[in-house]
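K.L.:
So that you have it, the file is run09.pdb, and it contains PDB, C-alpha atoms (C1' of nucleotides):
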```pdb
ATOM      1  CA  MET A   1      43.013  21.943 -96.817
ATOM      2  CA  ARG A   2      41.805  20.141 -93.693
ATOM      3  CA  ILE A   3      40.414  22.078 -90.741
ATOM      4  CA  ALA A   4      39.404  20.541 -87.412
ATOM      5  CA  THR A   5      38.117  21.604 -84.023
ATOM      6  CA  TRP A   6      38.272  19.613 -80.780
ATOM      7  CA  ASN A   7      37.476  20.397 -77.185
ATOM      8  CA  VAL A   8      40.322  18.343 -75.698
ATOM      9  CA  ASN A   9      39.283  18.715 -72.015
ATOM     10  CA  SER A  10      42.794  19.553 -70.788
ATOM     11  CA  LEU A  11      45.644  19.600 -73.250
ATOM     12  CA  LYS A  12      47.927  18.560 -70.394
ATOM     13  CA  ALA A  13      45.934  15.384 -69.730
ATOM     14  CA  ARG A  14      45.416  14.798 -73.456
ATOM     15  CA  THR A  15      48.786  15.675 -74.980
ATOM     16  CA  ASP A  16      49.474  12.094 -76.073
ATOM     17  CA  ALA A  17      45.964  11.613 -77.416
ATOM     18  CA  VAL A  18      46.139  14.873 -79.347
ATOM     19  CA  GLU A  19      49.543  14.027 -80.822
ATOM     20  CA  LYS A  20      48.301  10.621 -81.943
ATOM     21  CA  TRP A  21      45.179  12.124 -83.423
ATOM     22  CA  LEU A  22      47.160  14.776 -85.302
ATOM     23  CA  GLY A  23      49.327  12.032 -86.779
ATOM     24  CA  ARG A  24      46.270  10.152 -87.951
ATOM     25  CA  ALA A  25      43.967  12.975 -89.013
ATOM     26  CA  GLN A  26      46.612  15.363 -90.368
ATOM     27  CA  PRO A  27      44.672  18.615 -90.135
ATOM     28  CA  ASP A  28      46.320  21.704 -91.578
ATOM     29  CA  ILE A  29      44.535  23.981 -89.112
ATOM     30  CA  PHE A  30      43.474  22.637 -85.725
ATOM     31  CA  LEU A  31      41.333  24.527 -83.227
ATOM     32  CA  MET A  32      41.359  23.468 -79.581
ATOM     33  CA  GLN A  33      39.260  24.379 -76.564
ATOM     34  CA  GLU A  34      39.541  23.766 -72.830
ATOM     35  CA  THR A  35      43.300  23.435 -72.902
ATOM     36  CA  LYS A  36      43.252  24.359 -69.189
ATOM     37  CA  LEU A  37      46.785  25.724 -69.391
ATOM     38  CA  ALA A  38      48.567  28.989 -68.807
ATOM     39  CA  ASP A  39      50.304  30.304 -71.930
ATOM     40  CA  SER A  40      53.647  29.588 -70.262
ATOM     41  CA  ASP A  41      52.708  25.888 -70.014
ATOM     42  CA  ALA A  42      51.498  25.531 -73.610
ATOM     43  CA  PRO A  43      53.307  22.560 -75.228
ATOM     44  CA  GLU A  44      54.776  24.457 -78.150
ATOM     45  CA  LEU A  45      57.642  22.028 -78.702
ATOM     46  CA  PRO A  46      55.586  18.848 -79.222
ATOM     47  CA  PHE A  47      53.442  20.704 -81.735
ATOM     48  CA  ARG A  48      56.501  22.102 -83.473
ATOM     49  CA  MET A  49      57.928  18.576 -83.741
ATOM     50  CA  LEU A  50      54.776  17.631 -85.656
ATOM     51  CA  GLY A  51      55.103  20.662 -87.906
ATOM     52  CA  TYR A  52      52.556  22.906 -86.200
ATOM     53  CA  GLU A  53      52.851  26.433 -84.978
ATOM     54  CA  LEU A  54      50.882  26.779 -81.743
ATOM     55  CA  VAL A  55      48.955  29.916 -80.832
ATOM     56  CA  HIS A  56      47.672  29.562 -77.281
ATOM     57  CA  HIS A  57      45.448  31.821 -75.207
ATOM     58  CA  GLY A  58      44.987  30.501 -71.697
ATOM     59  CA  GLU A  59      44.473  31.481 -68.123
ATOM     60  CA  GLY A  60      45.631  28.426 -66.168
ATOM     61  CA  ARG A  61      43.145  26.216 -64.467
ATOM     62  CA  TRP A  62      40.070  26.637 -66.624
ATOM     63  CA  ASN A  63      39.042  27.389 -70.181
ATOM     64  CA  GLY A  64      41.883  28.104 -72.625
ATOM     65  CA  VAL A  65      41.727  28.105 -76.436
ATOM     66  CA  ALA A  66      44.370  27.484 -79.071
ATOM     67  CA  ILE A  67      45.117  27.199 -82.768
ATOM     68  CA  ALA A  68      47.702  24.820 -84.208
ATOM     69  CA  SER A  69      48.599  25.507 -87.817
ATOM     70  CA  ARG A  70      51.030  24.076 -90.329
ATOM     71  CA  VAL A  71      50.138  26.766 -92.875
ATOM     72  CA  GLY A  72      51.298  29.716 -90.784
ATOM     73  CA  ALA A  73      49.627  31.856 -88.156
ATOM     74  CA  THR A  74      49.637  35.656 -88.174
ATOM     75  CA  ASP A  75      47.426  38.537 -87.031
ATOM     76  CA  VAL A  76      46.574  36.958 -83.684
ATOM     77  CA  VAL A  77      43.617  38.329 -81.747
ATOM     78  CA  THR A  78      42.688  37.251 -78.193
ATOM     79  CA  ASN A  79      39.550  37.938 -76.183
ATOM     80  CA  PHE A  80      37.971  39.932 -79.038
ATOM     81  CA  GLY A  81      40.817  42.407 -78.669
ATOM     82  CA  ASP A  82      39.399  43.617 -75.363
ATOM     83  CA  GLY A  83      42.478  43.085 -73.247
ATOM     84  CA  PRO A  84      43.872  40.525 -70.813
ATOM     85  CA  VAL A  85      41.948  37.783 -69.054
ATOM     86  CA  ARG A  86      42.290  36.666 -65.455
ATOM     87  CA  ASP A  87      44.815  34.228 -64.037
ATOM     88  CA  SER A  88      43.074  31.111 -62.766
ATOM     89  CA  SER A  89      46.255  29.132 -62.074
ATOM     90  CA  ALA A  90      45.950  29.585 -58.338
ATOM     91  CA  GLY A  91      43.215  28.280 -56.135
ATOM     92  CA  SER A  92      42.355  31.778 -55.037
ATOM     93  CA  ALA A  93      40.573  32.168 -58.343
ATOM     94  CA  ALA A  94      38.430  29.110 -57.686
ATOM     95  CA  GLY A  95      34.739  29.526 -57.192
ATOM     96  CA  PHE A  96      32.748  32.411 -58.533
ATOM     97  CA  SER A  97      29.586  33.793 -57.140
ATOM     98  CA  GLU A  98      27.028  34.736 -59.722
ATOM     99  CA  ASP A  99      27.919  38.386 -59.187
ATOM    100  CA  ASP A 100      31.599  37.803 -59.947
ATOM    101  CA  PHE A 101      31.114  35.984 -63.227
ATOM    102  CA  ASP A 102      32.282  37.789 -66.344
ATOM    103  CA  PRO A 103      32.910  35.700 -69.475
ATOM    104  CA  PHE A 104      35.272  38.385 -70.776
ATOM    105  CA  ASP A 105      37.663  37.690 -67.903
ATOM    106  CA  GLU A 106      38.078  34.185 -69.302
ATOM    107  CA  ALA A 107      40.205  32.721 -72.116
ATOM    108  CA  ARG A 108      37.473  31.853 -74.607
ATOM    109  CA  MET A 109      38.511  33.387 -77.928
ATOM    110  CA  VAL A 110      41.646  33.327 -80.040
ATOM    111  CA  SER A 111      41.971  34.057 -83.729
ATOM    112  CA  ALA A 112      44.713  34.010 -86.347
ATOM    113  CA  VAL A 113      45.109  34.116 -90.110
ATOM    114  CA  CYS A 114      46.281  30.686 -91.289
ATOM    115  CA  GLY A 115      46.878  29.837 -94.918
ATOM    116  CA  GLY A 116      44.877  32.827 -96.070
ATOM    117  CA  ILE A 117      41.889  31.991 -93.884
ATOM    118  CA  ARG A 118      40.912  33.875 -90.742
ATOM    119  CA  VAL A 119      40.184  31.189 -88.167
ATOM    120  CA  VAL A 120      38.657  31.681 -84.736
ATOM    121  CA  SER A 121      38.795  29.156 -81.898
ATOM    122  CA  LEU A 122      35.898  29.643 -79.498
ATOM    123  CA  TYR A 123      34.796  28.209 -76.180
ATOM    124  CA  ALA A 124      31.359  29.533 -75.291
ATOM    125  CA  PRO A 125      30.368  29.799 -71.633
ATOM    126  CA  ASN A 126      28.322  26.845 -70.384
ATOM    127  CA  GLY A 127      25.441  28.861 -68.939
ATOM    128  CA  ARG A 128      24.710  26.322 -66.203
ATOM    129  CA  ILE A 129      21.063  27.224 -65.532
ATOM    130  CA  VAL A 130      18.666  29.183 -67.735
ATOM    131  CA  GLY A 131      18.119  32.595 -66.208
ATOM    132  CA  SER A 132      21.258  32.547 -64.031
ATOM    133  CA  SER A 133      23.911  35.230 -64.355
ATOM    134  CA  PHE A 134      26.078  32.541 -65.980
ATOM    135  CA  TYR A 135      23.400  32.116 -68.617
ATOM    136  CA  ASP A 136      23.065  35.870 -69.088
ATOM    137  CA  GLY A 137      26.853  36.058 -69.450
ATOM    138  CA  LYS A 138      26.708  33.360 -72.098
ATOM    139  CA  LEU A 139      24.245  35.412 -74.136
ATOM    140  CA  ARG A 140      26.368  38.558 -73.680
ATOM    141  CA  TRP A 141      29.375  36.585 -74.901
ATOM    142  CA  PHE A 142      27.513  35.530 -78.054
ATOM    143  CA  ALA A 143      26.446  39.130 -78.609
ATOM    144  CA  ARG A 144      30.084  40.246 -78.295
ATOM    145  CA  LEU A 145      31.089  37.611 -80.833
ATOM    146  CA  ARG A 146      28.493  38.865 -83.298
ATOM    147  CA  ARG A 147      29.628  42.473 -82.748
ATOM    148  CA  TRP A 148      33.256  41.423 -83.291
ATOM    149  CA  LEU A 149      32.215  39.904 -86.636
ATOM    150  CA  ASP A 150      30.322  43.086 -87.533
ATOM    151  CA  GLU A 151      33.236  45.340 -86.701
ATOM    152  CA  THR A 152      36.277  43.317 -87.786
ATOM    153  CA  CYS A 153      35.261  40.715 -90.349
ATOM    154  CA  SER A 154      33.391  40.477 -93.620
ATOM    155  CA  PRO A 155      31.046  37.697 -94.752
ATOM    156  CA  ASP A 156      32.771  37.936 -98.132
ATOM    157  CA  GLU A 157      36.182  36.852 -96.810
ATOM    158  CA  PRO A 158      37.429  33.326 -96.048
ATOM    159  CA  LEU A 159      36.546  32.853 -92.401
ATOM    160  CA  VAL A 160      36.208  29.777 -90.201
ATOM    161  CA  LEU A 161      34.670  30.217 -86.800
ATOM    162  CA  GLY A 162      34.841  27.010 -84.812
ATOM    163  CA  GLY A 163      34.824  25.478 -81.408
ATOM    164  CA  ASP A 164      32.687  24.394 -78.509
ATOM    165  CA  LEU A 165      29.721  26.718 -78.814
ATOM    166  CA  ASN A 166      27.863  24.995 -75.950
ATOM    167  CA  ALA A 167      24.581  25.321 -77.854
ATOM    168  CA  THR A 168      22.629  23.133 -80.258
ATOM    169  CA  PRO A 169      21.400  24.751 -83.485
ATOM    170  CA  THR A 170      18.191  22.674 -83.584
ATOM    171  CA  ASP A 171      16.463  19.709 -81.949
ATOM    172  CA  ASP A 172      18.185  17.499 -84.543
ATOM    173  CA  ASP A 173      21.439  18.232 -82.709
ATOM    174  CA  VAL A 174      20.424  16.814 -79.342
ATOM    175  CA  TRP A 175      19.377  13.340 -78.268
ATOM    176  CA  ASP A 176      16.525  14.653 -76.142
ATOM    177  CA  ALA A 177      15.815  18.349 -76.057
ATOM    178  CA  VAL A 178      13.730  18.007 -72.902
ATOM    179  CA  ALA A 179      16.250  15.939 -70.951
ATOM    180  CA  ALA A 180      19.254  17.979 -72.018
ATOM    181  CA  HIS A 181      20.961  20.062 -69.403
ATOM    182  CA  GLY A 182      17.939  21.502 -67.660
ATOM    183  CA  GLY A 183      17.264  23.848 -70.535
ATOM    184  CA  THR A 184      20.652  25.273 -71.418
ATOM    185  CA  HIS A 185      22.176  24.370 -74.780
ATOM    186  CA  VAL A 186      18.686  24.092 -76.264
ATOM    187  CA  SER A 187      16.989  27.315 -75.169
ATOM    188  CA  PRO A 188      15.474  29.657 -77.774
ATOM    189  CA  ALA A 189      17.810  32.537 -76.821
ATOM    190  CA  GLU A 190      20.923  30.389 -77.333
ATOM    191  CA  ARG A 191      19.611  29.143 -80.657
ATOM    192  CA  GLU A 192      18.853  32.727 -81.673
ATOM    193  CA  ALA A 193      22.466  33.586 -80.846
ATOM    194  CA  LEU A 194      23.654  30.870 -83.236
ATOM    195  CA  ALA A 195      21.110  31.998 -85.827
ATOM    196  CA  ALA A 196      22.504  35.534 -85.558
ATOM    197  CA  LEU A 197      25.903  34.162 -86.573
ATOM    198  CA  ARG A 198      24.389  32.380 -89.575
ATOM    199  CA  GLU A 199      22.408  35.481 -90.494
ATOM    200  CA  TRP A 200      25.662  37.451 -90.521
ATOM    201  CA  GLY A 201      26.830  35.143 -93.305
ATOM    202  CA  LEU A 202      28.051  31.863 -91.848
ATOM    203  CA  VAL A 203      27.163  28.313 -92.865
ATOM    204  CA  ASP A 204      27.111  25.331 -90.498
ATOM    205  CA  ALA A 205      29.741  23.314 -92.355
ATOM    206  CA  TYR A 206      28.930  19.893 -90.957
ATOM    207  CA  ARG A 207      25.193  20.283 -91.474
ATOM    208  CA  ALA A 208      25.682  21.602 -95.013
ATOM    209  CA  ALA A 209      27.821  18.595 -95.894
ATOM    210  CA  ALA A 210      26.052  15.856 -93.971
ATOM    211  CA  GLY A 211      22.439  16.806 -94.549
ATOM    212  CA  GLU A 212      20.037  15.660 -91.862
ATOM    213  CA  ALA A 213      22.395  12.952 -90.500
ATOM    214  CA  PRO A 214      20.379  12.207 -87.352
ATOM    215  CA  GLY A 215      22.209  11.098 -84.240
ATOM    216  CA  ARG A 216      25.549  12.650 -85.141
ATOM    217  CA  PHE A 217      26.797  14.328 -81.989
ATOM    218  CA  SER A 218      30.115  15.806 -80.886
ATOM    219  CA  TRP A 219      29.744  15.657 -77.094
ATOM    220  CA  TRP A 220      28.566  12.968 -74.708
ATOM    221  CA  ASP A 221      28.574  13.221 -70.917
ATOM    222  CA  TYR A 222      31.095  10.935 -69.252
ATOM    223  CA  ARG A 223      28.405   9.638 -66.935
ATOM    224  CA  ALA A 224      25.684   7.075 -67.230
ATOM    225  CA  GLY A 225      26.951   5.371 -70.372
ATOM    226  CA  MET A 226      25.667   8.206 -72.483
ATOM    227  CA  PHE A 227      28.325   7.757 -75.140
ATOM    228  CA  HIS A 228      27.483   4.089 -75.605
ATOM    229  CA  ARG A 229      23.805   4.952 -75.871
ATOM    230  CA  ASN A 230      24.668   7.770 -78.265
ATOM    231  CA  GLU A 231      22.889  10.291 -76.060
ATOM    232  CA  GLY A 232      24.786  13.456 -76.823
ATOM    233  CA  MET A 233      24.675  16.836 -78.472
ATOM    234  CA  ARG A 234      26.247  18.485 -81.505
ATOM    235  CA  ILE A 235      27.682  21.569 -79.844
ATOM    236  CA  ASP A 236      31.111  21.639 -81.517
ATOM    237  CA  LEU A 237      30.577  23.579 -84.687
ATOM    238  CA  LEU A 238      32.450  24.915 -87.676
ATOM    239  CA  TYR A 239      30.671  28.003 -88.987
ATOM    240  CA  VAL A 240      32.208  29.197 -92.261
ATOM    241  CA  THR A 241      31.631  31.945 -94.784
ATOM    242  CA  LYS A 242      30.257  31.052 -98.229
ATOM    243  CA  VAL A 243      33.633  31.217 -99.959
ATOM    244  CA  ILE A 244      34.747  28.459 -97.581
ATOM    245  CA  ALA A 245      31.454  26.548 -97.616
ATOM    246  CA  ASP A 246      31.494  26.206-101.374
ATOM    247  CA  ARG A 247      34.850  24.395-101.147
ATOM    248  CA  ILE A 248      33.709  21.699 -98.681
ATOM    249  CA  VAL A 249      34.221  18.216-100.077
ATOM    250  CA  TRP A 250      34.033  16.173 -96.876
ATOM    251  CA  ALA A 251      32.956  16.559 -93.281
ATOM    252  CA  GLU A 252      33.038  14.213 -90.343
ATOM    253  CA  ILE A 253      32.684  13.993 -86.592
ATOM    254  CA  ASP A 254      35.400  11.604 -85.449
ATOM    255  CA  ARG A 255      33.450   9.473 -83.000
ATOM    256  CA  GLU A 256      36.364   7.032 -82.764
ATOM    257  CA  ALA A 257      38.372   9.689 -80.917
ATOM    258  CA  ARG A 258      35.735   9.713 -78.150
ATOM    259  CA  LYS A 259      36.572   6.093 -77.301
ATOM    260  CA  GLY A 260      39.148   4.953 -74.761
ATOM    261  CA  PRO A 261      41.372   3.749 -73.330
ATOM    262  CA  PRO A 262      43.082   5.881 -72.284
ATOM    263  CA  ILE A 263      40.348   8.140 -70.965
ATOM    264  CA  PRO A 264      39.236  10.340 -73.857
ATOM    265  CA  SER A 265      37.913  13.873 -73.939
ATOM    266  CA  ASP A 266      34.142  14.043 -73.591
ATOM    267  CA  HIS A 267      34.105  15.737 -77.021
ATOM    268  CA  ALA A 268      34.895  14.363 -80.482
ATOM    269  CA  PRO A 269      36.785  16.292 -83.174
ATOM    270  CA  VAL A 270      34.862  17.839 -86.060
ATOM    271  CA  VAL A 271      36.720  17.852 -89.386
ATOM    272  CA  ILE A 272      36.139  19.412 -92.795
ATOM    273  CA  ASP A 273      38.114  19.155 -96.011
ATOM    274  CA  LEU A 274      38.228  22.019 -98.484
ATOM    275  CA  ASP A 275      38.949  21.624-102.162
ATOM    276  CA  GLU A 276      40.744  24.309-104.121
ATOM    277  CA  VAL A 277      37.702  24.555-106.377
ATOM    278  CA  GLY A 278      34.235  25.168-105.028
ATOM    279  CA  VAL A 279      30.642  25.031-106.104
ATOM    280  CA  SER A 280      29.028  28.371-106.761
ATOM    281  CA  PHE A 281      26.448  29.996-104.539
ATOM    282  CA  ASP A 282      25.449  32.222-107.451
ATOM    283  CA  ALA A 283      22.606  29.915-108.427
ATOM    284  CA  GLY A 284      21.108  30.167-104.974
ATOM    285  CA  TRP A 285      21.602  29.155-101.376
ATOM    286  CA  GLU A 286      19.567  25.939-101.292
ATOM    287  CA  GLY A 287      21.060  24.668-104.520
ATOM    288  CA  ALA A 288      24.603  25.262-103.326
ATOM    289  CA  LEU A 289      23.987  23.536-100.002
ATOM    290  CA  ALA A 290      22.417  20.585-101.829
ATOM    291  CA  ARG A 291      25.470  20.282-104.070
ATOM    292  CA  ILE A 292      27.799  20.405-101.061
ATOM    293  CA  ALA A 293      25.774  17.647 -99.399
ATOM    294  CA  ALA A 294      25.688  15.617-102.614
ATOM    295  CA  ARG A 295      29.443  15.419-102.964
ATOM    296  CA  THR A 296      30.207  14.606 -99.317
ATOM    297  CA  ARG A 297      29.704  11.225 -97.709
ATOM    298  CA  PRO A 298      29.846  11.299 -93.919
ATOM    299  CA  ARG A 299      29.381   7.998 -92.166
ATOM    300  CA  LYS A 300      25.973   7.055 -90.916
ATOM    301  CA  ALA A 301      25.119   7.401 -87.247
ATOM    302  CA  LYS A 302      26.114   4.439 -85.165
ATOM    303  CA  ALA A 303      23.073   2.664 -83.817
ATOM    304  CA  PRO A 304      22.651   3.003 -80.079
ATOM    305  CA  ALA A 305      23.723  -0.106 -78.176
TER
ATOM    306  C1'  DA B   1      20.636   5.930 -61.663
ATOM    307  C1'  DT B   2      22.828  12.499 -58.305
ATOM    308  C1'  DG B   3      26.282   7.198 -62.479
ATOM    309  C1'  DT B   4      32.677  10.779 -64.559
ATOM    310  C1'  DC B   5      36.566  13.384 -65.370
ATOM    311  C1'  DC B   6      39.704  17.499 -64.756
ATOM    312  C1'  DC B   7      41.979  20.861 -61.782
ATOM    313  C1'  DA B   8      44.521  22.799 -57.453
ATOM    314  C1'  DG B   9      44.979  22.828 -52.589
ATOM    315  C1'  DT B  10      42.998  21.744 -47.964
ATOM    316  C1'  DC B  11      46.857  16.966 -50.756
ATOM    317  C1'  DT B  12      45.059   9.371 -50.954
ATOM    318  C1'  DC B  13      40.425  13.644 -49.942
ATOM    319  C1'  DT B  14      37.605  17.953 -50.953
ATOM    320  C1'  DG B  15      35.314  21.456 -53.721
ATOM    321  C1'  DG B  16      34.424  23.578 -58.114
ATOM    322  C1'  DG B  17      33.395  23.266 -62.997
ATOM    323  C1'  DA B  18      31.571  20.817 -66.931
TER
END
```
Translate this file's structure into C-alpha cells.

P.N.:
Amino acid sequence: MRIATWNVNSLKARTDAVEKWLGRAQPDIFLMQETKLADSDAPELPFRMLGYELVHHGEGRWNGVAIASRVGATDVVTNFGDGPVRDSSAGSAAGFSEDDFDPFDEARMVSAVCGGIRVVSLYAPNGRIVGSSFYDGKLRWFARLRRWLDETCSPDEPLVLGGDLNATPTDDDVWDAVAAHGGTHVSPAEREALAALREWGLVDAYRAAAGEAPGRFSWWDYRAGMFHRNEGMRIDLLYVTKVIADRIVWAEIDREARKGPPIPSDHAPVVIDLDEVGVSFDAGWEGALARIAARTRPRKAKAPA
DNA sequence: ATGTCCCAGTCTCTGGGA
C-alpha cells in the first residue's frame, strides 16, 4: 500500500504533471492540496482513466483539497463536518481584511475511508504574520482538527492524516529557523499544535522512517534560487496512527518532482509504503521507531549547490 | 537580492495570496 501527499499548487495548472507523476509513482491513495478548483471543475475523468476515484472539496480560486484513491473511497467528510465553505470563484471574494478571515469558510479539509484506512487531506492556513488574525485563525484551525480527532477518530484505528500543514515540527525541518517566514511555520504555538496531534496518537511517518535525515524538505520558495540551494522546509507531513506506523517499510520526499520544466509546484510529494506485516509497538515506542528507521532507506539529502 | 508563480478581472497589466 502506497500513500502520498502533494500540494500541487493548482491542479488545473498541474494536471499533466500530476498525471505523469501518478504513472511513475503509482500511489494507491493520493492526497492533494491547493487544487484551486471548484468541485464542478475537478478533473474526475482523467483520474478515472488512471484508475483513481477522485474526492474533491474546493471553493474555486483558492485552497481546495482532494483525495484520489484506487482502493475505494467512502464515508466522505468535508470541513470537519461543519457545513459548506465559501465560493471564491469570483473576484468579489478576493481580498480579505483581517476581520473577515475565517479558516472554516475555506476548503481545507476532506476525509474518506480508502482501503480500510481513514485518510484526511489537509491544507493548514498560512498564518502570514505571527500575531495577526490570520495566525490566530491558523491556531484555531489546528485546535478544530485536534477536536475532530477527539470526537470522531480513535488512535487505535488505521488513520493517515496528511497534507500541507504549513508548520515545521522542529528546527531540523527548516533550513534556517530565524530566516524562515518572519516567524510563522516555526513559532512555538504552531509546533505545539503539531505536538498536540502527535500526543493524540499520531507518528510523523517520514521522520520515523528516515531518522534525522538533515536537509530533507518538502517545500522551497520559487524565488531566489532557494530550491537549488536547498533552502526549504518540511511542512508536508504524513501523521499516522501506530497501527499504520508499524507497517512503514519505505518513505521518501520526491525532490525530483520539484524540478522543471515545465514549471513545477513549489512543493514535493511525500510518499510512504506500508507492508501488510508490521513491527510491534508492544516492546516500546523508541524501539519500534528505531526498527521502522532501520528497515527503511530514504535517499540522503542532496548537497546544496 | 522585495528575486516567482497562480488566480480572476480591471484583461498583455494589476492586485491578492503563498

K.L.:
Once the PyMOL selection byres ((chain A) within 10 of (chain B)) has been applied to the shown file, what residues remain in the selection, as a PDB file with C-alpha atoms, in the frame of the given file?

P.N.:
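Done, and the output landed in selection.pdb:
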```pdb
ATOM      1  CA  ASN A   9      39.283  18.715 -72.015  1.00  0.00           C
ATOM      2  CA  SER A  10      42.794  19.553 -70.788  1.00  0.00           C
ATOM      3  CA  ALA A  13      45.934  15.384 -69.730  1.00  0.00           C
ATOM      4  CA  LYS A  36      43.252  24.359 -69.189  1.00  0.00           C
ATOM      5  CA  GLY A  60      45.631  28.426 -66.168  1.00  0.00           C
ATOM      6  CA  ARG A  61      43.145  26.216 -64.467  1.00  0.00           C
ATOM      7  CA  TRP A  62      40.070  26.637 -66.624  1.00  0.00           C
ATOM      8  CA  SER A  88      43.074  31.111 -62.766  1.00  0.00           C
ATOM      9  CA  SER A  89      46.255  29.132 -62.074  1.00  0.00           C
ATOM     10  CA  ALA A  90      45.950  29.585 -58.338  1.00  0.00           C
ATOM     11  CA  GLY A  91      43.215  28.280 -56.135  1.00  0.00           C
ATOM     12  CA  SER A  92      42.355  31.778 -55.037  1.00  0.00           C
ATOM     13  CA  ALA A  94      38.430  29.110 -57.686  1.00  0.00           C
ATOM     14  CA  GLY A  95      34.739  29.526 -57.192  1.00  0.00           C
ATOM     15  CA  PHE A  96      32.748  32.411 -58.533  1.00  0.00           C
ATOM     16  CA  ASN A 126      28.322  26.845 -70.384  1.00  0.00           C
ATOM     17  CA  ARG A 128      24.710  26.322 -66.203  1.00  0.00           C
ATOM     18  CA  ASP A 221      28.574  13.221 -70.917  1.00  0.00           C
ATOM     19  CA  TYR A 222      31.095  10.935 -69.252  1.00  0.00           C
ATOM     20  CA  ARG A 223      28.405   9.638 -66.935  1.00  0.00           C
ATOM     21  CA  ALA A 224      25.684   7.075 -67.230  1.00  0.00           C
ATOM     22  CA  GLY A 225      26.951   5.371 -70.372  1.00  0.00           C
ATOM     23  CA  ILE A 263      40.348   8.140 -70.965  1.00  0.00           C
ATOM     24  CA  PRO A 264      39.236  10.340 -73.857  1.00  0.00           C
ATOM     25  CA  SER A 265      37.913  13.873 -73.939  1.00  0.00           C
ATOM     26  CA  ASP A 266      34.142  14.043 -73.591  1.00  0.00           C
TER      27      ASP A 266
END
```

K.L.:
Lys12 of chain A: which residues within 10 Å, counting only C-alpha atoms (C1' of nucleotides), same-chain residues fewer than 5 positions away excluded, as a list in words?

P.N.:
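Everything that qualifies: Val18, Thr35, Lys36, Leu37, Asp41, Ala42 and Pro43 of chain A.
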
K.L.:
Here's the selection I'm unsure about, the PyMOL selection byres ((chain A and resi 101) around 12); applied to the file above, which residues does it give, as a ChimeraX atom specification?

P.N.:
/A:86,93-100,102-106,125-128,132-138,140-141

K.L.:
In terms of the shortest atom-to-atom distance over all atoms listed in the file, which of A:Asn7, A:Ala124, A:Arg14, A:Ile235 is closest to Gly260 of chain A?

P.N.:
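Nearest candidate to Gly260 of chain A out of A:Asn7, A:Ala124, A:Arg14, A:Ile235: A:Arg14.
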
K.L.:
Please measure the separation of atom CA of Glu19 of chain A and atom CA of Val65 of chain A, giving the value in Å to one decimal.

P.N.:
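Going from atom CA of Glu19 of chain A over to atom CA of Val65 of chain A, I get 16.7 Å.
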
K.L.:
Please compute the atom CA of Tyr206 of chain A-atom CA of Gly81 of chain A distance, one decimal, in Å.

P.N.:
28.3 Å

K.L.:
So how many Å separate atom CA of Ile253 of chain A and atom CA of Trp6 of chain A, to one decimal?

P.N.:
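We find that atom CA of Ile253 of chain A and atom CA of Trp6 of chain A lie 9.8 Å from each other.
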
K.L.:
The PyMOL selection byres ((chain A and resi 187) around 10) on the file shown: which residues, as a PyMOL selection string?

P.N.:
chain A and resi 130+167-170+177+182-186+188-192

K.L.:
Generate the output file for the selected residues, C-alpha atoms, as a CSV table (one decimal), in the frame of the given file.

P.N.:
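For reference, again.csv as written:
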```
chain,number,residue,atom,x,y,z
A,130,VAL,CA,18.7,29.2,-67.7
A,167,ALA,CA,24.6,25.3,-77.9
A,168,THR,CA,22.6,23.1,-80.3
A,169,PRO,CA,21.4,24.8,-83.5
A,170,THR,CA,18.2,22.7,-83.6
A,177,ALA,CA,15.8,18.3,-76.1
A,182,GLY,CA,17.9,21.5,-67.7
A,183,GLY,CA,17.3,23.8,-70.5
A,184,THR,CA,20.7,25.3,-71.4
A,185,HIS,CA,22.2,24.4,-74.8
A,186,VAL,CA,18.7,24.1,-76.3
A,188,PRO,CA,15.5,29.7,-77.8
A,189,ALA,CA,17.8,32.5,-76.8
A,190,GLU,CA,20.9,30.4,-77.3
A,191,ARG,CA,19.6,29.1,-80.7
A,192,GLU,CA,18.9,32.7,-81.7
```

K.L.:
For Tyr239 of chain A, find every residue with an atom within 8 Å (counting all atoms listed in the file), except residues of its own chain fewer than 5 positions away, and show them as an MDAnalysis selection string.

P.N.:
chainID A and resid 160:162 198 202:205

K.L.:
Please put the answer as lines of an AutoDock Vina configuration file: centre and edge lengths, in Å with one decimal, of a box along x, y and z that encloses all listed atoms of segment 3-17 of chain B plus 5 Å on each side.

P.N.:
```
center_x = 36.6
center_y = 15.4
center_z = -56.7
size_x = 30.6
size_y = 26.4
size_z = 27.4
```

K.L.:
What residues have an atom no more than 8 Å from (30.8, 13.1, -75.8) in the file's own frame, counting all atoms listed in the file, and can you write them as a list in words?

P.N.:
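Residues close enough to count: Phe217, Ser218, Trp219, Trp220, Asp221, Tyr222, Met226, Phe227, Gly232, Met233, Arg258, Ser265, Asp266, His267 and Ala268 of chain A.
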
K.L.:
Atoms to include: C-alpha atoms. Write the selected residues as a compact mmCIF listing (two decimals), in the frame of the given file.

P.N.:
```
# COMPACT_ATOMS: atom_id res chain seq x y z
CA PHE A 217 26.80 14.33 -81.99
CA SER A 218 30.12 15.81 -80.89
CA TRP A 219 29.74 15.66 -77.09
CA TRP A 220 28.57 12.97 -74.71
CA ASP A 221 28.57 13.22 -70.92
CA TYR A 222 31.10 10.94 -69.25
CA MET A 226 25.67 8.21 -72.48
CA PHE A 227 28.32 7.76 -75.14
CA GLY A 232 24.79 13.46 -76.82
CA MET A 233 24.68 16.84 -78.47
CA ARG A 258 35.74 9.71 -78.15
CA SER A 265 37.91 13.87 -73.94
CA ASP A 266 34.14 14.04 -73.59
CA HIS A 267 34.10 15.74 -77.02
CA ALA A 268 34.90 14.36 -80.48
```

K.L.:
Pull the neighbourhood of (39.0, 29.1, -70.5) for me: all residues within 6 Å in file coordinates, counting only C-alpha atoms (C1' of nucleotides), as a ChimeraX atom specification.

P.N.:
/A:34,62-64,106-108

K.L.:
Give me a file of those residues, with C-alpha atoms, as a PDB file, in the coordinates of the input.

P.N.:
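Result written to result_28.pdb:
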```
ATOM      1  CA  GLU A  34      39.541  23.766 -72.830  1.00  0.00           C
ATOM      2  CA  TRP A  62      40.070  26.637 -66.624  1.00  0.00           C
ATOM      3  CA  ASN A  63      39.042  27.389 -70.181  1.00  0.00           C
ATOM      4  CA  GLY A  64      41.883  28.104 -72.625  1.00  0.00           C
ATOM      5  CA  GLU A 106      38.078  34.185 -69.302  1.00  0.00           C
ATOM      6  CA  ALA A 107      40.205  32.721 -72.116  1.00  0.00           C
ATOM      7  CA  ARG A 108      37.473  31.853 -74.607  1.00  0.00           C
TER       8      ARG A 108
END
```
